[in-house]
Amino acid sequence: MYRMRLRNKPWAKEKLEQYPQVVIQRPEGLKGSWAASFFPDAPVHVEIGTGKGQFLCGMAQKHPDVLFVGIERMQSVIVSALDKTLETDAGNIKLVNRNAADLESFFDESEVERIYLNFSDPWPKNRHEKRRLTYRTFLEKFERVLTAKGEIHLKTDNAGFFEYSLQSMEQYGMNLLSVDWDVHENDVGDNVMTEYEEKFSRRGQKIMRGIARF
Ligand code: SAM
């Protein structure tokens with residue numbers, strides 16, 4: 001189980017509220033109009049469990065033509081993603097401090113072109129299967145908000161969670177477009193590392209990636 005070191009940050013809520021242009025307070029109000037509101041005609045890419053925002057900010061700089069939305073439920077964590085976003089000064093990053101289980105109230109059908117699941121909590125105990133972000137009830141939500149050719153990009157260091165996710169997606173009827181058991185060995189320069197990815201690869205753990213479409 002991943003354990004994020006959590007510090008109590010009583011000032012986080014106030015800080016998040018100070019930047020309504022970046023931290024979207026009422027994502028329901030943007031349902032169906034994310035691109036039109038901020039970046040007309042841009043594809044919308046969503047990262048679920050954005051953590052401290054390193055991946056989101058790196059991707060936003062690399063792909064200035066894409067609108068990136070990071071969803072993170074922990075206030076004490078997303079506040080670091082806000083700091084990074086402000087430092088990055090990229091206008092194509094929006095943050096949402098909510099549970100991704102409510103994804104369909106934030107995005108309309110076919111509004112999202114890509115979903116990134118980076119180092120999602122693996123929930124290794126069988127009785128917690130329903131909490132895994134690749135459990136079929138989450139896949140149902142992803143299917144509804146993704147465009148017809150939309151993709152899920154999943155990265156993890158956890159082989160058990162990786163295998164489970166590939167199986168769950170296949171069982172759901174998704175097409176696996178690519179399965180890479182060692183992203184760093186095969187990297188052609190397009191990989192943007194997350195915080196967890198840096199930490200685990202420094203310890204010598206292999207990073208895996210799967211790309212799938214409905
Ligand atoms: N993606 C980051 C990385 O790779 O460094 C953080 C990985 S961390 C293990 C998983 C993050 O997902 C945590 O910050 C957690 O709060 C967030 N998370 C887990 N389930 C979530 C959900 N249902 N909705 C929003 N965030 C979630």
# chains A, B, ... in the order shown; residues from 1 in each chain; ligands from 1
>>> residues_near_ligand(ligand="ligand 1", cutoff="9 Å", atoms="only C-alpha atoms and all ligand atoms", output="VMD selection string")
chain A and resid 1 to 4 47 to 56 70 to 75 77 to 78 96 to 103 116 to 122 131 to 133 155 to 156 193 to 199
>>> residues_around(residues="range 31-33 of chain A", least_positions_apart="6", cutoff="10 Å", atoms="only C-alpha atoms", output="tab-separated table (two decimals) with C-alpha atoms, in the first residue's frame")
chain	number	residue	atom	x	y	z
A	39	PHE	CA	-9.01	26.80	-24.27
A	40	PRO	CA	-11.44	26.48	-27.20
A	103	LEU	CA	-16.10	12.19	-12.47
A	104	GLU	CA	-19.37	12.06	-14.39
A	105	SER	CA	-20.70	15.09	-12.60
A	106	PHE	CA	-17.66	17.07	-13.78
A	107	PHE	CA	-17.42	15.91	-17.40
A	108	ASP	CA	-20.00	15.33	-20.08
A	109	GLU	CA	-20.15	12.26	-22.28
A	110	SER	CA	-17.22	12.20	-24.72
A	111	GLU	CA	-15.66	15.34	-23.24
A	112	VAL	CA	-12.30	13.80	-22.30
A	145	VAL	CA	-16.63	10.60	-20.29
>>> residues_around(residues="Asp89 in chain A", least_positions_apart="3", cutoff="10 Å", atoms="only C-alpha atoms", output="PyMOL selection string")
chain A and resi 57+60-61+83-86+92-93
>>> atom_distance(atom1="CA of Trp34 in chain A", atom2="CA of Lys94 in chain A")
9.6 Å
>>> select_by_dssp(residues="range 4-194 of chain A", states="strand (DSSP E or B)", output="JSON list (two decimals) with N, CA, C and O atoms, in the first residue's frame")
[["chain", "number", "residue", "atom", "x", "y", "z"],
["A", 23, "VAL", "N", -7.73, 26.43, -9.38],
["A", 23, "VAL", "CA", -8.41, 25.39, -8.61],
["A", 23, "VAL", "C", -9.92, 25.60, -8.78],
["A", 23, "VAL", "O", -10.49, 26.54, -8.25],
["A", 44, "VAL", "N", -9.07, 17.58, -23.94],
["A", 44, "VAL", "CA", -9.00, 17.62, -22.48],
["A", 44, "VAL", "C", -8.40, 16.30, -21.98],
["A", 44, "VAL", "O", -8.90, 15.23, -22.28],
["A", 45, "HIS", "N", -7.30, 16.41, -21.26],
["A", 45, "HIS", "CA", -6.65, 15.24, -20.66],
["A", 45, "HIS", "C", -6.77, 15.34, -19.14],
["A", 45, "HIS", "O", -6.47, 16.40, -18.57],
["A", 46, "VAL", "N", -7.20, 14.25, -18.52],
["A", 46, "VAL", "CA", -7.47, 14.28, -17.08],
["A", 46, "VAL", "C", -6.52, 13.32, -16.37],
["A", 46, "VAL", "O", -6.39, 12.16, -16.77],
["A", 47, "GLU", "N", -5.88, 13.80, -15.31],
["A", 47, "GLU", "CA", -5.08, 12.89, -14.48],
["A", 47, "GLU", "C", -5.84, 12.65, -13.18],
["A", 47, "GLU", "O", -6.24, 13.60, -12.50],
["A", 48, "ILE", "N", -6.01, 11.40, -12.84],
["A", 48, "ILE", "CA", -6.74, 11.07, -11.60],
["A", 48, "ILE", "C", -5.75, 10.68, -10.51],
["A", 48, "ILE", "O", -4.93, 9.77, -10.70],
["A", 67, "LEU", "N", -5.50, 20.85, -22.80],
["A", 67, "LEU", "CA", -5.95, 21.33, -21.49],
["A", 67, "LEU", "C", -5.85, 20.17, -20.49],
["A", 67, "LEU", "O", -6.46, 19.11, -20.70],
["A", 68, "PHE", "N", -5.05, 20.35, -19.44],
["A", 68, "PHE", "CA", -4.85, 19.29, -18.45],
["A", 68, "PHE", "C", -5.65, 19.59, -17.19],
["A", 68, "PHE", "O", -5.57, 20.68, -16.63],
["A", 69, "VAL", "N", -6.41, 18.59, -16.74],
["A", 69, "VAL", "CA", -7.18, 18.73, -15.51],
["A", 69, "VAL", "C", -6.69, 17.67, -14.53],
["A", 69, "VAL", "O", -6.73, 16.47, -14.84],
["A", 70, "GLY", "N", -6.24, 18.10, -13.38],
["A", 70, "GLY", "CA", -5.75, 17.17, -12.36],
["A", 70, "GLY", "C", -6.78, 17.03, -11.24],
["A", 70, "GLY", "O", -7.19, 18.03, -10.66],
["A", 71, "ILE", "N", -7.17, 15.79, -10.96],
["A", 71, "ILE", "CA", -8.13, 15.56, -9.88],
["A", 71, "ILE", "C", -7.40, 14.90, -8.72],
["A", 71, "ILE", "O", -6.71, 13.89, -8.90],
["A", 93, "ILE", "N", -3.46, 24.37, -17.21],
["A", 93, "ILE", "CA", -3.59, 23.42, -16.09],
["A", 93, "ILE", "C", -4.74, 23.87, -15.19],
["A", 93, "ILE", "O", -4.79, 25.02, -14.74],
["A", 94, "LYS", "N", -5.66, 22.95, -14.92],
["A", 94, "LYS", "CA", -6.73, 23.20, -13.95],
["A", 94, "LYS", "C", -6.70, 22.09, -12.91],
["A", 94, "LYS", "O", -6.36, 20.94, -13.24],
["A", 95, "LEU", "N", -7.03, 22.42, -11.68],
["A", 95, "LEU", "CA", -7.01, 21.44, -10.59],
["A", 95, "LEU", "C", -8.40, 21.31, -9.97],
["A", 95, "LEU", "O", -9.13, 22.30, -9.85],
["A", 96, "VAL", "N", -8.70, 20.09, -9.57],
["A", 96, "VAL", "CA", -10.01, 19.82, -8.95],
["A", 96, "VAL", "C", -9.78, 19.02, -7.67],
["A", 96, "VAL", "O", -9.25, 17.91, -7.72],
["A", 112, "VAL", "N", -13.71, 13.99, -22.68],
["A", 112, "VAL", "CA", -12.30, 13.80, -22.30],
["A", 112, "VAL", "C", -11.60, 12.91, -23.32],
["A", 112, "VAL", "O", -12.14, 11.89, -23.74],
["A", 113, "GLU", "N", -10.42, 13.33, -23.72],
["A", 113, "GLU", "CA", -9.72, 12.55, -24.74],
["A", 113, "GLU", "C", -8.77, 11.52, -24.12],
["A", 113, "GLU", "O", -8.45, 10.51, -24.73],
["A", 114, "ARG", "N", -8.31, 11.81, -22.92],
["A", 114, "ARG", "CA", -7.36, 10.87, -22.30],
["A", 114, "ARG", "C", -7.45, 10.95, -20.78],
["A", 114, "ARG", "O", -7.65, 12.02, -20.21],
["A", 115, "ILE", "N", -7.32, 9.77, -20.16],
["A", 115, "ILE", "CA", -7.27, 9.71, -18.70],
["A", 115, "ILE", "C", -5.95, 9.09, -18.28],
["A", 115, "ILE", "O", -5.58, 8.01, -18.77],
["A", 116, "TYR", "N", -5.23, 9.77, -17.42],
["A", 116, "TYR", "CA", -3.98, 9.23, -16.87],
["A", 116, "TYR", "C", -4.23, 8.72, -15.45],
["A", 116, "TYR", "O", -4.79, 9.44, -14.61],
["A", 117, "LEU", "N", -3.81, 7.49, -15.23],
["A", 117, "LEU", "CA", -3.83, 6.92, -13.87],
["A", 117, "LEU", "C", -2.37, 6.65, -13.51],
["A", 117, "LEU", "O", -1.77, 5.70, -14.03],
["A", 118, "ASN", "N", -1.80, 7.49, -12.70],
["A", 118, "ASN", "CA", -0.38, 7.34, -12.36],
["A", 118, "ASN", "C", -0.21, 6.89, -10.92],
["A", 118, "ASN", "O", -0.57, 7.59, -9.99],
["A", 146, "LEU", "N", -15.07, 9.49, -21.82],
["A", 146, "LEU", "CA", -14.05, 9.50, -22.87],
["A", 146, "LEU", "C", -14.68, 9.58, -24.27],
["A", 146, "LEU", "O", -15.77, 9.07, -24.50],
["A", 147, "THR", "N", -13.93, 10.19, -25.19],
["A", 147, "THR", "CA", -14.34, 10.22, -26.60],
["A", 147, "THR", "C", -14.22, 8.80, -27.17],
["A", 147, "THR", "O", -13.59, 7.93, -26.55],
["A", 148, "ALA", "N", -14.76, 8.59, -28.36],
["A", 148, "ALA", "CA", -14.75, 7.24, -28.96],
["A", 148, "ALA", "C", -13.33, 6.68, -29.06],
["A", 148, "ALA", "O", -13.12, 5.49, -28.85],
["A", 149, "LYS", "N", -12.38, 7.54, -29.38],
["A", 149, "LYS", "CA", -11.01, 7.05, -29.51],
["A", 149, "LYS", "C", -10.17, 7.40, -28.28],
["A", 149, "LYS", "O", -8.93, 7.31, -28.30],
["A", 150, "GLY", "N", -10.85, 7.79, -27.21],
["A", 150, "GLY", "CA", -10.15, 8.19, -25.98],
["A", 150, "GLY", "C", -9.36, 7.04, -25.38],
["A", 150, "GLY", "O", -9.69, 5.87, -25.59],
["A", 151, "GLU", "N", -8.34, 7.39, -24.63],
["A", 151, "GLU", "CA", -7.44, 6.36, -24.10],
["A", 151, "GLU", "C", -7.24, 6.50, -22.59],
["A", 151, "GLU", "O", -7.30, 7.60, -22.05],
["A", 152, "ILE", "N", -6.95, 5.36, -21.99],
["A", 152, "ILE", "CA", -6.50, 5.36, -20.60],
["A", 152, "ILE", "C", -5.02, 5.02, -20.61],
["A", 152, "ILE", "O", -4.60, 4.04, -21.23],
["A", 153, "HIS", "N", -4.22, 5.86, -19.95],
["A", 153, "HIS", "CA", -2.78, 5.60, -19.82],
["A", 153, "HIS", "C", -2.49, 5.34, -18.35],
["A", 153, "HIS", "O", -2.72, 6.22, -17.52],
["A", 154, "LEU", "N", -2.00, 4.16, -18.08],
["A", 154, "LEU", "CA", -1.79, 3.77, -16.68],
["A", 154, "LEU", "C", -0.31, 3.48, -16.44],
["A", 154, "LEU", "O", 0.32, 2.77, -17.23],
["A", 155, "LYS", "N", 0.23, 4.06, -15.38],
["A", 155, "LYS", "CA", 1.64, 3.77, -15.01],
["A", 155, "LYS", "C", 1.68, 3.35, -13.56],
["A", 155, "LYS", "O", 0.98, 3.91, -12.72],
["A", 156, "THR", "N", 2.52, 2.38, -13.27],
["A", 156, "THR", "CA", 2.65, 1.90, -11.90],
["A", 156, "THR", "C", 3.98, 1.17, -11.72],
["A", 156, "THR", "O", 4.60, 0.76, -12.70],
["A", 175, "ASN", "N", -9.59, -2.57, -25.57],
["A", 175, "ASN", "CA", -8.45, -3.01, -26.38],
["A", 175, "ASN", "C", -7.17, -2.48, -25.75],
["A", 175, "ASN", "O", -7.05, -1.27, -25.51],
["A", 176, "LEU", "N", -6.24, -3.39, -25.52],
["A", 176, "LEU", "CA", -4.94, -2.96, -24.99],
["A", 176, "LEU", "C", -4.08, -2.53, -26.18],
["A", 176, "LEU", "O", -3.76, -3.34, -27.05],
["A", 177, "LEU", "N", -3.74, -1.26, -26.23],
["A", 177, "LEU", "CA", -2.98, -0.74, -27.37],
["A", 177, "LEU", "C", -1.49, -0.94, -27.16],
["A", 177, "LEU", "O", -0.73, -1.08, -28.10],
["A", 178, "SER", "N", -1.08, -0.90, -25.89],
["A", 178, "SER", "CA", 0.34, -1.08, -25.61],
["A", 178, "SER", "C", 0.55, -1.51, -24.17],
["A", 178, "SER", "O", -0.13, -1.03, -23.27],
["A", 179, "VAL", "N", 1.45, -2.46, -23.99],
["A", 179, "VAL", "CA", 1.78, -2.95, -22.65],
["A", 179, "VAL", "C", 3.31, -2.95, -22.54],
["A", 179, "VAL", "O", 3.98, -3.61, -23.31],
["A", 180, "ASP", "N", 3.81, -2.14, -21.63],
["A", 180, "ASP", "CA", 5.26, -1.98, -21.50],
["A", 180, "ASP", "C", 5.66, -2.33, -20.06],
["A", 180, "ASP", "O", 5.23, -1.66, -19.11]]
>>> residues_around(residues="Ser201 in chain A", least_positions_apart="5", cutoff="9 Å", atoms="only C-alpha atoms", output="ChimeraX atom specification")
/A:157,184,196,206-207
>>> write_last_selection(atoms="N, CA and C atoms", output="PDB file, in the first residue's frame")
ATOM      1  N   ASP A 157       4.373   0.999 -10.479  1.00  0.00           N
ATOM      2  CA  ASP A 157       5.543   0.155 -10.175  1.00  0.00           C
ATOM      3  C   ASP A 157       5.055  -1.180  -9.601  1.00  0.00           C
ATOM      4  N   HIS A 184      11.187   2.748 -18.499  1.00  0.00           N
ATOM      5  CA  HIS A 184      12.442   3.506 -18.549  1.00  0.00           C
ATOM      6  C   HIS A 184      13.444   2.903 -19.524  1.00  0.00           C
ATOM      7  N   TYR A 196       6.078   9.688  -7.528  1.00  0.00           N
ATOM      8  CA  TYR A 196       6.225   8.294  -7.114  1.00  0.00           C
ATOM      9  C   TYR A 196       7.152   7.543  -8.054  1.00  0.00           C
ATOM     10  N   LYS A 206      11.061  -1.434 -11.417  1.00  0.00           N
ATOM     11  CA  LYS A 206      10.666  -1.198 -12.809  1.00  0.00           C
ATOM     12  C   LYS A 206       9.310  -0.480 -12.843  1.00  0.00           C
ATOM     13  N   ILE A 207       9.190   0.370 -13.839  1.00  0.00           N
ATOM     14  CA  ILE A 207       7.936   1.112 -14.013  1.00  0.00           C
ATOM     15  C   ILE A 207       7.215   0.522 -15.229  1.00  0.00           C
TER      16      ILE A 207
END
>>> residues_around(residues="range 159-174 of chain A", least_positions_apart="3", cutoff="6 Å", atoms="only C-alpha atoms", output="number ranges by chain")
A: 122, 134, 213-214
>>> write_last_selection(atoms="C-alpha atoms", output="tab-separated table (two decimals), in the first residue's frame")
chain	number	residue	atom	x	y	z
A	122	PRO	CA	-3.16	-0.60	-5.58
A	134	THR	CA	-9.36	0.05	-12.65
A	213	ARG	CA	-9.10	2.14	-25.39
A	214	PHE	CA	-12.76	1.14	-25.15
>>> atom_distance(atom1="CA of Phe142 in chain A", atom2="CA of Pro43 in chain A")
15.6 Å
>>> atom_distance(atom1="CA of Ala212 in chain A", atom2="CA of Gly189 in chain A")
20.6 Å
>>> select_by_dssp(residues="range 26-200 of chain A", states="alpha helix (DSSP H)", output="PyMOL selection string")
chain A and resi 34-38+54-62+75-88+103-106+136-145+159-172+183-186+195-200
